Every structure is written in C-alpha cells, then in structure tokens.
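Source file: input-v9.txt; contents: compact mmCIF, C-alpha atoms and all ligand atoms.
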```
# COMPACT_ATOMS: atom_id res chain seq x y z
CA MET A 156 116.87 91.41 84.57
CA GLN A 157 119.53 93.13 86.65
CA ILE A 158 118.52 93.35 90.32
CA PRO A 159 119.66 96.68 91.83
CA HIS A 160 119.42 95.65 95.52
CA ILE A 161 120.79 92.70 97.53
CA PRO A 162 118.26 91.61 100.18
CA VAL A 163 119.71 91.94 103.67
CA MET A 164 119.87 88.97 106.09
CA LEU A 165 117.99 86.73 103.70
CA ASN A 166 118.96 83.52 105.53
CA GLU A 167 117.80 84.93 108.85
CA VAL A 168 114.50 86.11 107.29
CA LYS A 169 113.95 82.63 105.82
CA SER A 170 114.63 81.01 109.14
CA VAL A 171 112.30 83.39 111.07
CA PHE A 172 109.46 82.67 108.63
CA GLU A 173 110.27 78.95 108.42
CA PRO A 174 107.10 77.86 110.34
CA ILE A 175 104.83 79.61 107.79
CA LYS A 176 103.65 77.26 105.07
CA ASP A 177 100.56 79.00 103.65
CA GLY A 178 98.26 81.99 104.08
CA TYR A 179 99.49 85.54 103.42
CA LEU A 180 102.65 87.47 104.19
CA ILE A 181 102.71 91.26 104.02
CA ASP A 182 106.03 92.58 102.74
CA CYS A 183 105.76 96.19 103.91
CA THR A 184 108.94 97.26 102.09
CA LEU A 185 108.82 95.31 98.86
CA GLY A 186 111.70 97.29 97.27
CA TYR A 187 113.14 95.23 94.45
CA GLY A 188 111.37 92.10 95.63
CA GLY A 189 114.44 90.26 96.98
CA HIS A 190 112.92 88.82 100.16
CA THR A 191 109.50 88.26 98.59
CA TYR A 192 110.93 86.48 95.54
CA THR A 193 112.76 83.94 97.72
CA LEU A 194 109.81 83.36 100.06
CA LEU A 195 107.37 82.85 97.17
CA ASN A 196 109.83 80.60 95.41
CA GLU A 197 110.35 78.37 98.43
CA LYS A 198 106.77 78.27 99.77
CA SER A 199 104.42 77.23 97.01
CA SER A 200 101.22 77.81 99.05
CA LEU A 201 102.15 81.27 100.29
CA CYS A 202 100.70 84.53 98.92
CA VAL A 203 102.38 87.92 99.38
CA ILE A 204 100.95 91.41 99.60
CA GLY A 205 103.88 93.67 98.77
CA CYS A 206 103.88 97.39 99.46
CA ASP A 207 106.30 100.20 98.76
CA ARG A 208 105.95 103.97 98.54
CA ASP A 209 108.55 104.23 95.81
CA GLU A 210 106.85 103.97 92.44
CA GLU A 211 110.06 102.93 90.69
CA ALA A 212 110.46 99.99 93.09
CA VAL A 213 106.80 99.01 92.69
CA LYS A 214 107.08 98.93 88.88
CA PHE A 215 110.29 96.93 88.98
CA SER A 216 108.92 94.34 91.43
CA ALA A 217 105.62 94.01 89.57
CA LYS A 218 107.63 92.87 86.55
CA ARG A 219 110.05 90.69 88.52
CA LEU A 220 107.28 88.89 90.42
CA GLU A 221 104.97 88.39 87.41
CA ILE A 222 105.89 84.69 87.34
CA PHE A 223 104.05 84.14 90.63
CA LYS A 224 100.81 85.36 89.03
CA ASP A 225 97.91 85.81 91.47
CA ARG A 226 100.00 84.80 94.48
CA VAL A 227 101.26 88.42 94.57
CA THR A 228 99.36 91.66 95.14
CA ILE A 229 101.33 94.88 94.90
CA GLU A 230 100.38 98.21 96.45
CA HIS A 231 101.96 101.62 95.98
CA LYS A 232 101.41 103.08 99.43
CA ASN A 233 102.90 103.82 102.84
CA PHE A 234 103.15 100.77 105.04
CA SER A 235 101.40 102.55 107.93
CA SER A 236 98.07 101.86 106.22
CA ILE A 237 98.67 98.41 104.68
CA VAL A 238 97.70 96.20 107.65
CA ASP A 239 94.29 97.89 108.09
CA LYS A 240 93.45 97.11 104.49
CA TYR A 241 94.27 93.38 104.59
CA GLU A 242 93.70 92.32 108.21
CA HIS A 243 90.60 90.32 107.19
CA LEU A 244 92.87 87.84 105.34
CA PRO A 245 94.80 85.01 107.08
CA ILE A 246 97.99 87.06 107.54
CA ARG A 247 100.71 84.74 108.88
CA GLY A 248 103.77 86.92 108.39
CA ILE A 249 104.70 90.62 108.27
CA LEU A 250 108.13 91.75 107.07
CA ALA A 251 109.46 95.32 107.25
CA ASP A 252 112.99 95.92 105.96
CA VAL A 253 112.93 99.62 106.70
CA GLY A 254 115.34 102.12 105.27
CA VAL A 255 116.49 103.01 101.78
CA SER A 256 117.20 100.69 98.87
CA SER A 257 120.53 100.58 97.06
CA LEU A 258 118.93 102.08 93.98
CA GLN A 259 117.61 105.03 95.97
CA LEU A 260 121.13 105.58 97.34
CA ASP A 261 122.88 105.12 94.03
CA LYS A 262 120.63 107.01 91.59
CA ASN A 263 121.95 110.48 91.14
CA ASP A 264 118.58 112.16 90.79
CA ARG A 265 117.16 110.85 94.09
CA GLY A 266 119.31 113.02 96.36
CA PHE A 267 120.10 110.33 98.97
CA GLY A 268 123.80 109.90 98.10
CA PHE A 269 126.56 112.40 98.96
CA ASP A 270 127.38 113.01 95.29
CA SER A 271 123.81 113.41 94.15
CA LEU A 272 123.16 116.46 92.02
CA SER A 273 119.73 117.04 93.53
CA LEU A 274 118.50 117.58 97.08
CA ASP A 275 115.39 115.43 97.13
CA MET A 276 115.40 112.31 99.39
CA ARG A 277 111.69 111.63 98.89
CA MET A 278 110.96 107.90 98.75
CA ASP A 279 107.59 108.75 97.23
CA LYS A 280 108.10 111.34 94.50
CA ALA A 281 104.44 112.38 94.73
CA GLN A 282 105.04 113.75 98.21
CA ILE A 283 105.45 117.54 98.53
CA LEU A 284 108.13 117.91 101.21
CA SER A 285 111.66 117.27 99.95
CA ALA A 286 115.15 117.70 101.40
CA TYR A 287 115.44 120.99 99.51
CA GLU A 288 112.65 122.56 101.59
CA VAL A 289 114.05 121.17 104.84
CA VAL A 290 117.58 122.45 104.14
CA ASN A 291 116.64 125.81 102.61
CA ARG A 292 113.36 126.78 104.29
CA TYR A 293 113.16 125.20 107.75
CA PRO A 294 113.72 127.73 110.55
CA LYS A 295 117.01 127.30 112.40
CA ASN A 296 115.38 125.86 115.54
CA GLU A 297 113.60 123.19 113.45
CA LEU A 298 116.89 122.27 111.76
CA GLU A 299 118.49 122.01 115.20
CA ARG A 300 115.68 119.71 116.35
CA ILE A 301 116.07 117.23 113.49
CA LEU A 302 119.89 117.25 113.64
CA ARG A 303 119.73 116.60 117.38
CA ASP A 304 116.86 114.10 117.48
CA TYR A 305 117.31 112.22 114.19
CA GLY A 306 121.05 112.65 113.59
CA GLU A 307 122.02 112.47 117.27
CA LEU A 308 124.68 115.09 116.46
CA ARG A 309 126.36 116.68 119.45
CA GLU A 310 127.24 119.73 117.30
CA TYR A 311 123.67 120.19 116.06
CA LYS A 312 123.60 123.94 116.83
CA LYS A 313 126.87 124.61 115.01
CA ILE A 314 125.80 122.63 111.94
CA ALA A 315 122.36 124.26 111.81
CA LYS A 316 124.03 127.69 111.94
CA LEU A 317 126.46 126.71 109.19
CA ILE A 318 123.56 125.64 106.96
CA CYS A 319 121.58 128.82 107.71
CA ASP A 320 124.56 131.14 107.11
CA THR A 321 125.33 129.41 103.81
CA ARG A 322 121.78 129.40 102.46
CA GLU A 323 121.45 133.11 103.24
CA LYS A 324 124.02 133.78 100.50
CA ASN A 325 122.80 131.15 98.03
CA PRO A 326 120.31 128.28 98.26
CA ILE A 327 121.93 124.87 98.85
CA LYS A 328 120.89 123.19 95.64
CA ASN A 329 122.26 119.66 95.83
CA ALA A 330 123.41 116.85 98.10
CA LYS A 331 127.02 117.25 97.01
CA THR A 332 127.16 120.88 98.24
CA LEU A 333 125.54 119.90 101.53
CA ALA A 334 127.93 116.97 102.09
CA ASP A 335 130.97 119.16 101.34
CA LEU A 336 129.65 121.86 103.66
CA VAL A 337 129.10 119.67 106.74
CA GLY A 338 132.07 117.36 106.18
CA ARG A 339 132.31 113.94 104.60
CA ARG A 340 135.00 112.53 106.84
CA GLY A 341 135.77 112.04 110.46
CA HIS A 342 134.65 110.61 113.74
CA ILE A 343 131.58 111.91 115.52
CA ASN A 344 130.79 111.25 119.17
CA GLY A 345 133.53 108.59 119.17
CA ARG A 346 131.94 106.76 116.23
CA SER A 347 133.58 106.38 112.85
CA VAL A 348 130.85 108.18 110.93
CA SER A 349 131.05 111.53 109.20
CA SER A 350 128.86 114.55 109.93
CA ALA A 351 127.44 114.17 106.43
CA THR A 352 126.23 110.62 107.21
CA LEU A 353 124.33 111.81 110.27
CA VAL A 354 123.06 115.03 108.67
CA PHE A 355 121.75 113.06 105.69
CA GLN A 356 120.17 110.47 108.01
CA ALA A 357 118.43 113.24 109.97
CA ILE A 358 117.06 114.98 106.87
CA ARG A 359 115.92 111.70 105.30
CA ILE A 360 114.06 110.70 108.47
CA GLU A 361 112.32 114.10 108.55
CA VAL A 362 111.42 114.12 104.84
CA ASN A 363 109.96 110.61 104.89
CA ARG A 364 108.55 110.67 108.45
CA GLU A 365 110.45 107.41 108.91
CA LEU A 366 110.07 107.02 112.67
CA GLU A 367 106.37 107.96 112.67
CA GLU A 368 105.71 105.50 109.84
CA LEU A 369 107.39 102.68 111.78
CA GLU A 370 105.49 103.53 114.96
CA GLU A 371 102.20 103.69 113.06
CA LEU A 372 102.88 100.33 111.38
CA LEU A 373 103.56 98.66 114.73
CA LYS A 374 100.44 100.27 116.25
CA SER A 375 98.33 99.07 113.32
CA ILE A 376 99.60 95.50 113.85
CA GLN A 377 98.85 95.71 117.57
CA LYS A 378 95.25 96.85 117.10
CA SER A 379 94.54 94.60 114.14
CA LYS A 380 92.43 91.45 114.21
CA ILE A 381 95.42 89.31 113.14
CA ASP A 382 95.45 86.43 115.63
CA GLU A 383 98.57 84.44 114.73
CA CYS A 384 101.48 85.88 112.81
CA ILE A 385 105.27 86.32 112.78
CA VAL A 386 106.42 89.94 112.63
CA CYS A 387 109.99 90.55 111.47
CA VAL A 388 111.59 94.02 111.33
CA ILE A 389 115.02 94.83 109.94
CA SER A 390 116.25 98.29 110.90
CA PHE A 391 119.36 100.24 110.00
CA HIS A 392 119.93 102.68 112.83
CA SER A 393 119.53 102.78 116.57
CA LEU A 394 116.51 105.14 116.54
CA GLU A 395 114.47 102.58 114.60
CA ASP A 396 115.83 99.60 116.50
CA ARG A 397 114.92 101.24 119.82
CA ILE A 398 111.30 101.62 118.68
CA VAL A 399 111.09 97.97 117.60
CA LYS A 400 112.82 96.65 120.73
CA GLN A 401 110.58 98.65 123.09
CA THR A 402 107.39 97.78 121.19
CA PHE A 403 108.14 94.04 121.20
CA LYS A 404 108.93 94.24 124.92
CA ASN A 405 105.58 95.94 125.58
CA TRP A 406 103.77 93.40 123.40
CA SER A 407 105.21 90.55 125.46
CA LYS A 408 103.95 91.97 128.77
CA SER A 409 101.09 90.09 130.30
CA CYS A 410 100.53 92.56 133.12
CA ILE A 411 100.11 96.21 132.14
CA CYS A 412 99.47 97.63 135.62
CA PRO A 413 101.51 100.74 136.56
CA SER A 414 104.82 99.71 138.15
CA ALA A 415 103.74 101.36 141.44
CA ALA A 416 100.63 99.11 141.71
CA LEU A 417 100.70 96.85 144.78
CA ARG A 418 98.83 94.01 143.08
CA CYS A 419 97.76 93.19 139.55
CA GLU A 420 94.36 94.55 138.57
CA CYS A 421 94.60 94.33 134.78
CA GLY A 422 93.72 90.65 134.45
CA ASN A 423 97.32 89.65 133.61
CA ASN A 424 96.35 88.54 130.12
CA HIS A 425 97.54 91.33 127.87
CA ALA A 426 100.48 89.66 126.11
CA LEU A 427 100.19 89.74 122.36
CA GLY A 428 102.61 86.84 122.06
CA GLN A 429 106.33 86.18 122.48
CA ILE A 430 109.60 87.74 121.42
CA ILE A 431 111.41 85.33 119.05
CA THR A 432 114.78 87.09 119.02
CA LYS A 433 115.84 87.79 122.62
CA LYS A 434 118.79 89.71 121.15
CA ALA A 435 118.69 91.41 117.75
CA LEU A 436 120.23 89.31 114.96
CA GLU A 437 123.02 90.92 112.98
CA PRO A 438 124.52 90.07 109.59
CA THR A 439 127.41 87.62 109.49
CA GLU A 440 130.94 88.72 108.58
CA ALA A 441 130.53 86.84 105.32
CA GLU A 442 127.39 88.81 104.42
CA ILE A 443 129.01 92.15 105.31
CA LYS A 444 131.93 91.26 103.04
CA VAL A 445 129.63 90.63 100.09
CA ASN A 446 127.22 93.45 100.91
CA PRO A 447 128.84 96.16 103.10
CA ARG A 448 125.52 98.06 103.22
CA SER A 449 124.15 95.31 105.44
CA ARG A 450 126.63 96.14 108.22
CA SER A 451 124.36 98.28 110.37
CA SER A 452 121.25 96.10 110.05
CA LYS A 453 119.50 94.52 113.02
CA LEU A 454 116.69 92.01 112.82
CA ARG A 455 114.06 91.49 115.50
CA ALA A 456 111.09 89.12 115.35
CA PHE A 457 107.92 88.60 117.38
CA TYR A 458 105.39 85.79 117.36
CA ILE A 459 101.82 87.08 117.73
CA LYS A 460 99.44 84.55 119.24
CA ARG A 461 96.62 86.43 120.82
CA GLY A 462 95.12 85.21 124.07
CA VAL A 463 97.62 82.38 124.65
CA CYS A 464 101.12 83.64 125.43
CA GLY A 465 102.16 85.24 128.70
CA GLU A 466 105.45 86.74 129.80
C1 LIG A 501 115.74 98.37 102.23
S1 LIG A 501 114.59 98.58 100.94
C2 LIG A 501 113.74 97.03 100.85
C3 LIG A 501 114.38 96.04 99.97
C4 LIG A 501 113.62 94.77 99.76
N1 LIG A 501 113.43 94.04 101.00
C5 LIG A 501 114.33 93.90 98.73
O1 LIG A 501 114.79 92.81 99.09
O2 LIG A 501 114.44 94.32 97.58
C6 LIG A 501 113.40 99.57 101.71
C7 LIG A 501 112.23 99.92 100.87
O3 LIG A 501 111.20 100.33 101.74
C8 LIG A 501 110.52 101.39 101.16
N2 LIG A 501 109.91 102.12 102.27
C9 LIG A 501 110.54 102.74 103.30
N3 LIG A 501 109.64 103.28 104.14
C10 LIG A 501 108.42 102.97 103.65
C11 LIG A 501 107.08 103.24 104.09
N4 LIG A 501 106.84 103.94 105.19
N5 LIG A 501 106.06 102.75 103.34
C12 LIG A 501 106.29 102.03 102.22
N6 LIG A 501 107.54 101.77 101.75
C13 LIG A 501 108.58 102.23 102.45
C14 LIG A 501 111.56 102.17 100.40
O4 LIG A 501 110.98 102.92 99.37
C15 LIG A 501 112.48 101.05 99.89
O5 LIG A 501 112.13 100.67 98.59
```

Please rewrite the model in this file as structure tokens.
Amino acid sequence: MQIPHIPVMLNEVKSVFEPIKDGYLIDCTLGYGGHTYTLLNEKSSLCVIGCDRDEEAVKFSAKRLEIFKDRVTIEHKNFSSIVDKYEHLPIRGILADVGVSSLQLDKNDRGFGFDSLSLDMRMDKAQILSAYEVVNRYPKNELERILRDYGELREYKKIAKLICDTREKNPIKNAKTLADLVGRRGHINGRSVSSATLVFQAIRIEVNRELEELEELLKSIQKSKIDECIVCVISFHSLEDRIVKQTFKNWSKSCICPSAALRCECGNNHALGQIITKKALEPTEAEIKVNPRSRSSKLRAFYIKRGVCGE
C-alpha cells in the first residue's frame, strides 16, 4: 500500500504522548493514518478514535488500520463535534494535525494546488461551498475581508479588485488561472511567499471554516468531562498557531479575575492543567530535508488535569 502523506513531527508526537499507555486517543485529523498507525503499533493497550472530514482519507485509513481490528474506530465528520460524542470514554490523548494532506494538495481534481484544473478546495466533498463560489460569487468587500484576515495580504484591496474585474469578463474556472492571475512568485510583506500562496490559504480557510473549526474543537475540549488528557496540536500557519497558543495560555490560568481587579475573587482554581511546550516545537532540519512540507509546522501540547494544576 503506497502511503500518500508523510506524518509531520512524528518523533515529537511520540514523545508528547509517551506517558499514555492505555485508554483512548482521539486523532482529530486522521488523514492517511500516519500518526495513528505508529501510536497503535507502539502502544498495544491503546485504542484510537480517528476522525476526518475527507471521505477519501477515511476510506484509505480504514483499510490501512484494519490490522488493529477493534482498537480503531473511524468517523467521517468534522472534528468540532468529535469530543462531545466520545467524552464518556477514558480519553487520554487528543491529536489535531490541522491543515491539508499531501494528497489533497497533489490531486489535480481537489483544487488546492496551483496547477489544479478545478477550483474546489473542499476537504469534505459533500459540503456546498467551494472555492469556485468564493472566487466568482463573493461580493468584493467579502473577498477583501478574507484576503486581509486569512491571507494577511497588505494588497488585499488590489487583489480583490483584480479578481472581480477578471471574473466580470469570464468566470475564473480553475486554480491554475487564479494562481497565474495573482502571481506565483515573489516576496510579500518581506516574506518569501507568493501572492498565490496567501490567496490560496485565505480561500481555503474560508471554504473549510478552518479557524472556526479549530476554535470549536478547543472549546469542546475545555467544556468536556475529560479529566486527564494530553492535547497536542500541530498547525501550519500563524493564524492557527495564535489560536492554540492563546487558548493554552488561558487554560493554564488559575485566576480568571479581570486584570483591573484589586484582589482575586474567582477562587483561584480555574486552571485546566499545564502547558507542556513552553515554546512551540518545530521540525528539525533533517525532517525538513526529507519532507519540505513540514517546514512551517508548529507543535504545541497541553496537559489537562482538572482541579489539580495551578499557574
Ligand atoms: C495534515 S492532514 C493529517 C495527516 C495525518 N496526521 C497523517 O499522518 O496521515 C490533515 C487532515 O485533517 C483533515 N481535516 C482538516 N480539518 C478538519 C476538520 N475540521 N475536521 C475533520 N478533519 C479535518 C483533512 O481532511 C486532512 O485529511
């Protein structure tokens, strides 16, 4: 079986989950089963609930993980609703390797890659909104919003206008046309990324509600009944990493009184646990050499132990 995706920061994931010997781990982004396969292989008493919204990935992983029999449960759904469904089980680990898989990027019909002949970008093909609607039907001010907020493009107005002027003549039918239009090369805001990279990132985030999904997942973990668990999130751009960093910081706070309060009135017992990674872990040079797509990844982990840990 040829595996179409190399799991990112596998050694770091193994080391973060090292204390877990049994119980359940939720793999929120099962993908092609890379992380889950290794964890199941190395921890004979562990069970995994794997979830992905991409049906192709779910089918592939179901086959790949068959050898682990009833130690694996696979769900085709968004990860924002997975914790609610399984919180009654002894969940000891939660992994989210957010972003797109290599197969999604490489398959021509998915519309994620610059040379793709479609304009799709839906992780879940059953979803209605696709990149085509965003690019061809969103009003100019909405396009400006996503290019500014999700692409962090300084020239968001200019690019939105360029898209609108072009689509007035003819609809923009595929990713290739869009990438050529906005520019595949160059440095933006002092960074060595092209406009196309940031435009595609912005559209993908909008189509798949990527930031909302991540926020909802973290909220669902916070309000769940899970009492002791290691949460590990790998993100691929600063917008996601900021959400994870801020959430873990809030989770580690024992006192939640407003900063202007003269003395603590909240009981000073609100910490959900402790941050494991004071600084985000990044892939080694050796990993980036083997798998260049890992280069922008950042891993953060948090140890949930309700009612015990303070700041
Ligand atoms: C980077 S890949 C994961 C790869 C996986 N860890 C492996 O080793 O094969 C990310 C996966 O997460 C899935 N995904 C992204 N956002 C999701 C969400 N909100 N709910 C469920 N799956 C999601 C994508 O469809 C993709 O398959």

Centre, x/y/z edge lengths, axis-aligned box for segment 214-223 of chain A with 3 Å per side, as AutoDock Vina command-line options:
```
--center_x 107.2 --center_y 91.5 --center_z 89.0 --size_x 12.2 --size_y 20.8 --size_z 10.9
```

Problem set entry | Residue among A:Val386, A:Leu250, A:Val255, A:Val238 lying closest to Arg277 of chain A, counting only C-alpha atoms |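 Closest candidate: A:Val255.
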
Exercise. A:Lys224, A:Lys374, A:Arg303, A:Arg309: which is nearest Ile358 of chain A, counting only C-alpha atoms?
Worked result: A:Arg303

Exercise. Between atom CA of Met156 of chain A and atom CA of Ala212 of chain A, what is the distance, to one decimal in Å?
Worked result: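 Interatomic distance here is 13.7 Å.
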
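The coordinates place atom CA of Leu258 of chain A at 11.4 Å from atom O1 of ligand LIG 501 (chain A).
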
Exercise. Which neighbours of Lys453 of chain A fall inside 7 Å, counting all atoms listed in the file, when residues of the same chain fewer than 5 positions from it are skipped, and could you give them as a PyMOL selection string?
Worked result: chain A and resi 389-391+435-437

Considering only C-alpha atoms and all ligand atoms, give me a table of residues in chain A that are at most 8 Å from ligand LIG 501 (chain A), with the closest atom pair and distance in Å for each, as a tab-separated table.
```
residue	atom	partner	partner_atom	distance
A:His160	CA	A:LIG501	O2	5.6
A:Ile161	CA	A:LIG501	O1	6.2
A:Pro162	CA	A:LIG501	O1	3.8
A:Val163	CA	A:LIG501	O1	6.8
A:Asp182	CA	A:LIG501	N1	7.7
A:Cys183	CA	A:LIG501	C12	6.1
A:Thr184	CA	A:LIG501	O3	3.8
A:Leu185	CA	A:LIG501	C4	4.9
A:Gly186	CA	A:LIG501	O5	3.7
A:Tyr187	CA	A:LIG501	O2	3.5
A:Gly188	CA	A:LIG501	O2	4.3
A:Gly189	CA	A:LIG501	O1	3.3
A:His190	CA	A:LIG501	O1	4.5
A:Thr191	CA	A:LIG501	O1	7.0
A:Cys206	CA	A:LIG501	C12	5.9
A:Asp207	CA	A:LIG501	N6	3.6
A:Arg208	CA	A:LIG501	C12	4.2
A:Asp209	CA	A:LIG501	O4	4.5
A:Ala212	CA	A:LIG501	O5	5.8
A:His231	CA	A:LIG501	C12	7.6
A:Lys232	CA	A:LIG501	C12	5.7
A:Asn233	CA	A:LIG501	N5	3.4
A:Phe234	CA	A:LIG501	N5	3.9
A:Ser235	CA	A:LIG501	N4	6.2
A:Ala251	CA	A:LIG501	N1	7.5
A:Asp252	CA	A:LIG501	C1	5.2
A:Val253	CA	A:LIG501	C6	5.0
A:Gly254	CA	A:LIG501	C6	4.8
A:Val255	CA	A:LIG501	C6	4.6
A:Ser256	CA	A:LIG501	S1	3.9
A:Ser257	CA	A:LIG501	S1	7.4
A:Gln259	CA	A:LIG501	O5	7.5
A:Met278	CA	A:LIG501	O4	5.0
A:Asp279	CA	A:LIG501	O4	7.1
A:Asn363	CA	A:LIG501	N4	7.4
A:Arg364	CA	A:LIG501	N4	7.7
A:Glu365	CA	A:LIG501	N4	6.2
A:Glu368	CA	A:LIG501	N4	5.0
A:Leu369	CA	A:LIG501	N4	6.7
```

Go ahead and write the residues just picked, C-alpha atoms, as a JSON list (two decimals), in the coordinates of the input.
```
[["chain", "number", "residue", "atom", "x", "y", "z"],
["A", 160, "HIS", "CA", 119.42, 95.65, 95.52],
["A", 161, "ILE", "CA", 120.79, 92.70, 97.53],
["A", 162, "PRO", "CA", 118.26, 91.61, 100.18],
["A", 163, "VAL", "CA", 119.71, 91.94, 103.67],
["A", 182, "ASP", "CA", 106.03, 92.58, 102.74],
["A", 183, "CYS", "CA", 105.76, 96.19, 103.91],
["A", 184, "THR", "CA", 108.94, 97.26, 102.09],
["A", 185, "LEU", "CA", 108.82, 95.31, 98.86],
["A", 186, "GLY", "CA", 111.70, 97.29, 97.27],
["A", 187, "TYR", "CA", 113.14, 95.23, 94.45],
["A", 188, "GLY", "CA", 111.37, 92.10, 95.63],
["A", 189, "GLY", "CA", 114.44, 90.26, 96.98],
["A", 190, "HIS", "CA", 112.92, 88.82, 100.16],
["A", 191, "THR", "CA", 109.50, 88.26, 98.59],
["A", 206, "CYS", "CA", 103.88, 97.39, 99.46],
["A", 207, "ASP", "CA", 106.30, 100.20, 98.76],
["A", 208, "ARG", "CA", 105.95, 103.97, 98.54],
["A", 209, "ASP", "CA", 108.55, 104.23, 95.81],
["A", 212, "ALA", "CA", 110.46, 99.99, 93.09],
["A", 231, "HIS", "CA", 101.96, 101.62, 95.98],
["A", 232, "LYS", "CA", 101.41, 103.08, 99.43],
["A", 233, "ASN", "CA", 102.90, 103.82, 102.84],
["A", 234, "PHE", "CA", 103.15, 100.77, 105.04],
["A", 235, "SER", "CA", 101.40, 102.55, 107.93],
["A", 251, "ALA", "CA", 109.46, 95.32, 107.25],
["A", 252, "ASP", "CA", 112.99, 95.92, 105.96],
["A", 253, "VAL", "CA", 112.93, 99.62, 106.70],
["A", 254, "GLY", "CA", 115.34, 102.12, 105.27],
["A", 255, "VAL", "CA", 116.49, 103.01, 101.78],
["A", 256, "SER", "CA", 117.20, 100.69, 98.87],
["A", 257, "SER", "CA", 120.53, 100.58, 97.06],
["A", 259, "GLN", "CA", 117.61, 105.03, 95.97],
["A", 278, "MET", "CA", 110.96, 107.90, 98.75],
["A", 279, "ASP", "CA", 107.59, 108.75, 97.23],
["A", 363, "ASN", "CA", 109.96, 110.61, 104.89],
["A", 364, "ARG", "CA", 108.55, 110.67, 108.45],
["A", 365, "GLU", "CA", 110.45, 107.41, 108.91],
["A", 368, "GLU", "CA", 105.71, 105.50, 109.84],
["A", 369, "LEU", "CA", 107.39, 102.68, 111.78]]
```
